[in-house]
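Novice: Let me give you the structure first, and then I'll get to my questions.
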Amino acid sequence: MKVSRQLKIIEIIENNLIETQEDLAQALKNLGFTVTQATISRDIKELKLIKVMSHDGIQHYAPLKDIGSIYNERVNAVFKESVLTIDYVENTIVLRTLPAMAQAAALAIDSLEWAEIVGTIAGDDTIFVLIRNRDMMAEIVGKFKKLMK
């Protein structure tokens, strides 16, 4: 759950002005995560979040732009921990995950920004991934299988 929580933290701070650890804890609690201030503090440190100034002069948390390698580790961890099976038809890949992990895994897929992927739709334990060209299917499925290892 640490990985899905940390991915959710990144999503929260990218879409909201989070000024304090308390604001972040409340946002997570509103999404069903049980967190303590110590957990938030550790997550901020591990994710290497920084405080930046908004256009309105408000200090808020933001991801450090150089966290590519850390983020990639988190993406790999989401796949290793949650994706169970891969299947496909035409230009759609279907990923089955552990219950309640599909959205975290879909966020991880979206963060990869692979040009071959049009987008993802996630439910509770299933993700549909739309591929631009079905001729690329074997290559994309292979990439997903590597992420699972």
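For the structure tokens, the naming scheme is as follows: chains receive sequential letters (A, B, ...) according to their order of presentation, residues are indexed from 1 within each chain, and ligands are indexed from 1 in presentation order.
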As a PyMOL selection string, please: all residues of stretch 49-117 of chain A that backbone DSSP puts in strand (DSSP E or B).

Specialist: chain A and resi 49-53+59-63+83-89+92-97+117

Novice: What parts of stretch 16-96 of chain A does DSSP call alpha helix (DSSP H)? I'd like the answer as number ranges by chain.

Specialist: A: 21-30, 37-47, 68-82

Novice: Go ahead and save the residues from that selection, with N, CA, C and O atoms, as a compact mmCIF listing (two decimals), in the first residue's frame.

Specialist:
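Done, and the output landed in part-v7.txt:
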# COMPACT_ATOMS: atom_id res chain seq x y z
N GLN A 21 1.91 19.56 5.62
CA GLN A 21 1.77 18.12 5.78
C GLN A 21 0.36 17.78 6.24
O GLN A 21 -0.19 16.75 5.84
N GLU A 22 -0.23 18.65 7.03
CA GLU A 22 -1.61 18.43 7.50
C GLU A 22 -2.58 18.44 6.33
O GLU A 22 -3.51 17.62 6.28
N ASP A 23 -2.38 19.37 5.38
CA ASP A 23 -3.23 19.42 4.19
C ASP A 23 -3.11 18.12 3.39
O ASP A 23 -4.10 17.58 2.91
N LEU A 24 -1.88 17.63 3.27
CA LEU A 24 -1.65 16.39 2.53
C LEU A 24 -2.29 15.20 3.25
O LEU A 24 -2.94 14.36 2.62
N ALA A 25 -2.13 15.15 4.56
CA ALA A 25 -2.73 14.06 5.35
C ALA A 25 -4.25 14.07 5.18
O ALA A 25 -4.87 13.02 5.00
N GLN A 26 -4.86 15.26 5.22
CA GLN A 26 -6.31 15.35 5.07
C GLN A 26 -6.75 14.92 3.67
O GLN A 26 -7.75 14.21 3.52
N ALA A 27 -6.01 15.32 2.65
CA ALA A 27 -6.34 14.91 1.28
C ALA A 27 -6.28 13.39 1.15
O ALA A 27 -7.15 12.78 0.51
N LEU A 28 -5.27 12.77 1.76
CA LEU A 28 -5.16 11.31 1.72
C LEU A 28 -6.30 10.65 2.50
O LEU A 28 -6.87 9.66 2.04
N LYS A 29 -6.62 11.20 3.65
CA LYS A 29 -7.72 10.66 4.45
C LYS A 29 -9.04 10.75 3.69
O LYS A 29 -9.86 9.83 3.74
N ASN A 30 -9.24 11.85 2.96
CA ASN A 30 -10.45 12.01 2.14
C ASN A 30 -10.55 10.95 1.05
O ASN A 30 -11.63 10.65 0.57
N GLN A 37 1.21 11.72 10.79
CA GLN A 37 2.14 12.78 10.41
C GLN A 37 3.51 12.19 10.12
O GLN A 37 4.19 12.60 9.19
N ALA A 38 3.92 11.19 10.89
CA ALA A 38 5.22 10.55 10.67
C ALA A 38 5.28 9.86 9.30
O ALA A 38 6.30 9.93 8.61
N THR A 39 4.18 9.22 8.92
CA THR A 39 4.12 8.57 7.60
C THR A 39 4.23 9.61 6.49
O THR A 39 4.99 9.42 5.53
N ILE A 40 3.50 10.71 6.63
CA ILE A 40 3.56 11.78 5.64
C ILE A 40 4.98 12.33 5.54
O ILE A 40 5.51 12.52 4.44
N SER A 41 5.60 12.54 6.67
CA SER A 41 6.97 13.07 6.70
C SER A 41 7.94 12.14 5.98
O SER A 41 8.77 12.58 5.18
N ARG A 42 7.83 10.83 6.25
CA ARG A 42 8.69 9.85 5.57
C ARG A 42 8.43 9.83 4.08
O ARG A 42 9.36 9.77 3.27
N ASP A 43 7.14 9.86 3.69
CA ASP A 43 6.80 9.86 2.26
C ASP A 43 7.37 11.08 1.55
O ASP A 43 7.91 10.98 0.44
N ILE A 44 7.26 12.25 2.18
CA ILE A 44 7.80 13.48 1.58
C ILE A 44 9.30 13.34 1.38
O ILE A 44 9.83 13.70 0.32
N LYS A 45 9.97 12.77 2.36
CA LYS A 45 11.43 12.59 2.26
C LYS A 45 11.77 11.57 1.16
O LYS A 45 12.64 11.82 0.33
N GLU A 46 11.09 10.43 1.15
CA GLU A 46 11.37 9.39 0.16
C GLU A 46 11.06 9.85 -1.26
O GLU A 46 11.78 9.50 -2.20
N LEU A 47 9.99 10.63 -1.42
CA LEU A 47 9.61 11.12 -2.74
C LEU A 47 10.41 12.36 -3.15
O LEU A 47 10.29 12.84 -4.27
N GLY A 68 13.13 11.22 -11.72
CA GLY A 68 12.83 10.20 -12.71
C GLY A 68 13.19 8.80 -12.29
O GLY A 68 12.40 7.87 -12.41
N SER A 69 14.39 8.62 -11.74
CA SER A 69 14.81 7.27 -11.36
C SER A 69 14.01 6.76 -10.17
O SER A 69 13.63 5.60 -10.12
N ILE A 70 13.72 7.64 -9.20
CA ILE A 70 12.91 7.23 -8.04
C ILE A 70 11.51 6.87 -8.50
O ILE A 70 10.95 5.86 -8.10
N TYR A 71 10.95 7.72 -9.36
CA TYR A 71 9.59 7.48 -9.84
C TYR A 71 9.53 6.18 -10.64
O TYR A 71 8.61 5.40 -10.49
N ASN A 72 10.55 5.94 -11.46
CA ASN A 72 10.59 4.69 -12.22
C ASN A 72 10.65 3.48 -11.30
O ASN A 72 10.04 2.45 -11.58
N GLU A 73 11.37 3.59 -10.18
CA GLU A 73 11.39 2.51 -9.21
C GLU A 73 9.99 2.26 -8.66
O GLU A 73 9.57 1.12 -8.49
N ARG A 74 9.26 3.33 -8.38
CA ARG A 74 7.90 3.21 -7.86
C ARG A 74 6.98 2.58 -8.90
O ARG A 74 6.15 1.74 -8.57
N VAL A 75 7.14 2.98 -10.17
CA VAL A 75 6.33 2.41 -11.24
C VAL A 75 6.59 0.91 -11.33
O VAL A 75 5.66 0.10 -11.39
N ASN A 76 7.85 0.53 -11.32
CA ASN A 76 8.20 -0.89 -11.37
C ASN A 76 7.62 -1.63 -10.17
O ASN A 76 7.11 -2.74 -10.31
N ALA A 77 7.68 -1.02 -9.00
CA ALA A 77 7.15 -1.66 -7.80
C ALA A 77 5.64 -1.87 -7.91
O ALA A 77 5.13 -2.91 -7.49
N VAL A 78 4.92 -0.90 -8.47
CA VAL A 78 3.48 -1.05 -8.63
C VAL A 78 3.18 -2.27 -9.49
O VAL A 78 2.32 -3.09 -9.16
N PHE A 79 3.90 -2.42 -10.59
CA PHE A 79 3.67 -3.57 -11.45
C PHE A 79 4.02 -4.89 -10.77
O PHE A 79 3.26 -5.84 -10.80
N LYS A 80 5.18 -4.91 -10.14
CA LYS A 80 5.62 -6.14 -9.47
C LYS A 80 4.65 -6.56 -8.38
O LYS A 80 4.42 -7.74 -8.17
N GLU A 81 4.09 -5.57 -7.68
CA GLU A 81 3.22 -5.87 -6.55
C GLU A 81 1.76 -6.08 -6.93
O GLU A 81 1.02 -6.70 -6.17
N SER A 82 1.32 -5.55 -8.07
CA SER A 82 -0.13 -5.55 -8.30
C SER A 82 -0.61 -6.21 -9.59
O SER A 82 -1.71 -6.74 -9.60

Novice: Determine, counting only C-alpha atoms, which protein, DNA and RNA residues have an atom within 10 Å of an atom of A:Ile10; residues of the same chain fewer than 3 positions away are not included. Present the result as a PDB file with N, CA and C atoms, in the first residue's frame.

Specialist:
ATOM      1  N   SER A   4       1.117   2.595  -3.583  1.00  0.00           N
ATOM      2  CA  SER A   4      -0.102   3.256  -4.076  1.00  0.00           C
ATOM      3  C   SER A   4      -0.328   4.578  -3.336  1.00  0.00           C
ATOM      4  N   ARG A   5       0.001   4.636  -2.048  1.00  0.00           N
ATOM      5  CA  ARG A   5      -0.135   5.885  -1.292  1.00  0.00           C
ATOM      6  C   ARG A   5       0.814   6.939  -1.850  1.00  0.00           C
ATOM      7  N   GLN A   6       2.045   6.545  -2.119  1.00  0.00           N
ATOM      8  CA  GLN A   6       3.013   7.512  -2.627  1.00  0.00           C
ATOM      9  C   GLN A   6       2.654   7.979  -4.038  1.00  0.00           C
ATOM     10  N   LEU A   7       2.126   7.092  -4.858  1.00  0.00           N
ATOM     11  CA  LEU A   7       1.659   7.515  -6.179  1.00  0.00           C
ATOM     12  C   LEU A   7       0.489   8.483  -6.043  1.00  0.00           C
ATOM     13  N   ILE A  13      -0.421  16.306  -5.190  1.00  0.00           N
ATOM     14  CA  ILE A  13       0.344  17.559  -5.226  1.00  0.00           C
ATOM     15  C   ILE A  13       0.470  18.123  -6.635  1.00  0.00           C
ATOM     16  N   GLU A  14       0.315  17.275  -7.644  1.00  0.00           N
ATOM     17  CA  GLU A  14       0.343  17.790  -9.008  1.00  0.00           C
ATOM     18  C   GLU A  14      -0.975  18.464  -9.383  1.00  0.00           C
ATOM     19  N   ASN A  15      -2.058  18.115  -8.695  1.00  0.00           N
ATOM     20  CA  ASN A  15      -3.373  18.651  -9.040  1.00  0.00           C
ATOM     21  C   ASN A  15      -3.937  19.636  -8.021  1.00  0.00           C
ATOM     22  N   ILE A  44       7.262  12.246   2.177  1.00  0.00           N
ATOM     23  CA  ILE A  44       7.795  13.480   1.583  1.00  0.00           C
ATOM     24  C   ILE A  44       9.302  13.338   1.378  1.00  0.00           C
ATOM     25  N   LEU A  47       9.992  10.630  -1.418  1.00  0.00           N
ATOM     26  CA  LEU A  47       9.614  11.120  -2.745  1.00  0.00           C
ATOM     27  C   LEU A  47      10.407  12.362  -3.146  1.00  0.00           C
ATOM     28  N   LEU A  49      10.051  15.443  -2.200  1.00  0.00           N
ATOM     29  CA  LEU A  49       9.185  16.564  -2.527  1.00  0.00           C
ATOM     30  C   LEU A  49       9.829  17.853  -2.020  1.00  0.00           C
ATOM     31  N   TYR A  61       3.869  22.055  -1.851  1.00  0.00           N
ATOM     32  CA  TYR A  61       4.699  20.910  -2.220  1.00  0.00           C
ATOM     33  C   TYR A  61       4.623  20.638  -3.714  1.00  0.00           C
ATOM     34  N   ALA A  62       5.758  20.199  -4.254  1.00  0.00           N
ATOM     35  CA  ALA A  62       5.840  19.839  -5.672  1.00  0.00           C
ATOM     36  C   ALA A  62       6.883  18.733  -5.819  1.00  0.00           C
ATOM     37  N   PRO A  63       6.728  17.899  -6.853  1.00  0.00           N
ATOM     38  CA  PRO A  63       7.762  16.877  -7.075  1.00  0.00           C
ATOM     39  C   PRO A  63       9.028  17.516  -7.633  1.00  0.00           C
ATOM     40  N   TYR A  71      10.950   7.720  -9.356  1.00  0.00           N
ATOM     41  CA  TYR A  71       9.593   7.481  -9.841  1.00  0.00           C
ATOM     42  C   TYR A  71       9.534   6.177 -10.637  1.00  0.00           C
TER      43      TYR A  71
END

Novice: Would you work out the distance separating atom CA of A:Phe144 from atom CA of A:Asp125, expressed in Å to one decimal?

Specialist: 16.3 Å

Novice: Excluding A:Ile93 and any residue of its chain fewer than 3 positions from it, enumerate the residues within 9 Å of it, using only C-alpha atoms, and give them as a list in words.

Specialist: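 Final neighbour list, sorted by chain and number: Ile86, Asp87, Tyr88, Val89, Glu90, Ile127, Phe128, Val129, Leu130, Ile131, Met137, Ile140 and Val141 of chain A.
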
Novice: Please produce a file of the residues just selected, as a tab-separated table (two decimals), in the first residue's frame, where the atoms kept are N, CA and C atoms.

Specialist:
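Final file, selection-v6.tsv:
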chain	number	residue	atom	x	y	z
A	86	ILE	N	-1.70	-10.37	-18.11
A	86	ILE	CA	-1.78	-9.50	-19.29
A	86	ILE	C	-2.44	-10.29	-20.41
A	87	ASP	N	-3.42	-9.68	-21.05
A	87	ASP	CA	-4.05	-10.26	-22.24
A	87	ASP	C	-4.29	-9.13	-23.22
A	88	TYR	N	-4.59	-9.44	-24.47
A	88	TYR	CA	-4.84	-8.39	-25.43
A	88	TYR	C	-5.71	-8.89	-26.58
A	89	VAL	N	-6.35	-7.92	-27.24
A	89	VAL	CA	-7.14	-8.17	-28.43
A	89	VAL	C	-7.09	-6.91	-29.28
A	90	GLU	N	-6.88	-7.08	-30.57
A	90	GLU	CA	-6.78	-5.95	-31.49
A	90	GLU	C	-5.76	-4.94	-30.96
A	127	ILE	N	-7.51	-3.04	-15.94
A	127	ILE	CA	-7.08	-1.85	-16.68
A	127	ILE	C	-7.17	-2.16	-18.18
A	128	PHE	N	-7.78	-1.25	-18.93
A	128	PHE	CA	-7.75	-1.31	-20.38
A	128	PHE	C	-6.71	-0.28	-20.85
A	129	VAL	N	-5.80	-0.74	-21.70
A	129	VAL	CA	-4.77	0.14	-22.26
A	129	VAL	C	-4.96	0.16	-23.77
A	130	LEU	N	-5.24	1.33	-24.31
A	130	LEU	CA	-5.46	1.47	-25.75
A	130	LEU	C	-4.14	1.81	-26.43
A	131	ILE	N	-3.78	1.00	-27.43
A	131	ILE	CA	-2.53	1.15	-28.17
A	131	ILE	C	-2.84	1.81	-29.52
A	137	MET	N	1.65	-4.16	-30.70
A	137	MET	CA	1.15	-4.91	-29.55
A	137	MET	C	2.21	-5.78	-28.89
A	140	ILE	N	4.70	-3.67	-26.86
A	140	ILE	CA	4.15	-3.08	-25.64
A	140	ILE	C	3.89	-4.15	-24.58
A	141	VAL	N	3.33	-5.29	-25.00
A	141	VAL	CA	3.11	-6.38	-24.05
A	141	VAL	C	4.45	-6.83	-23.46
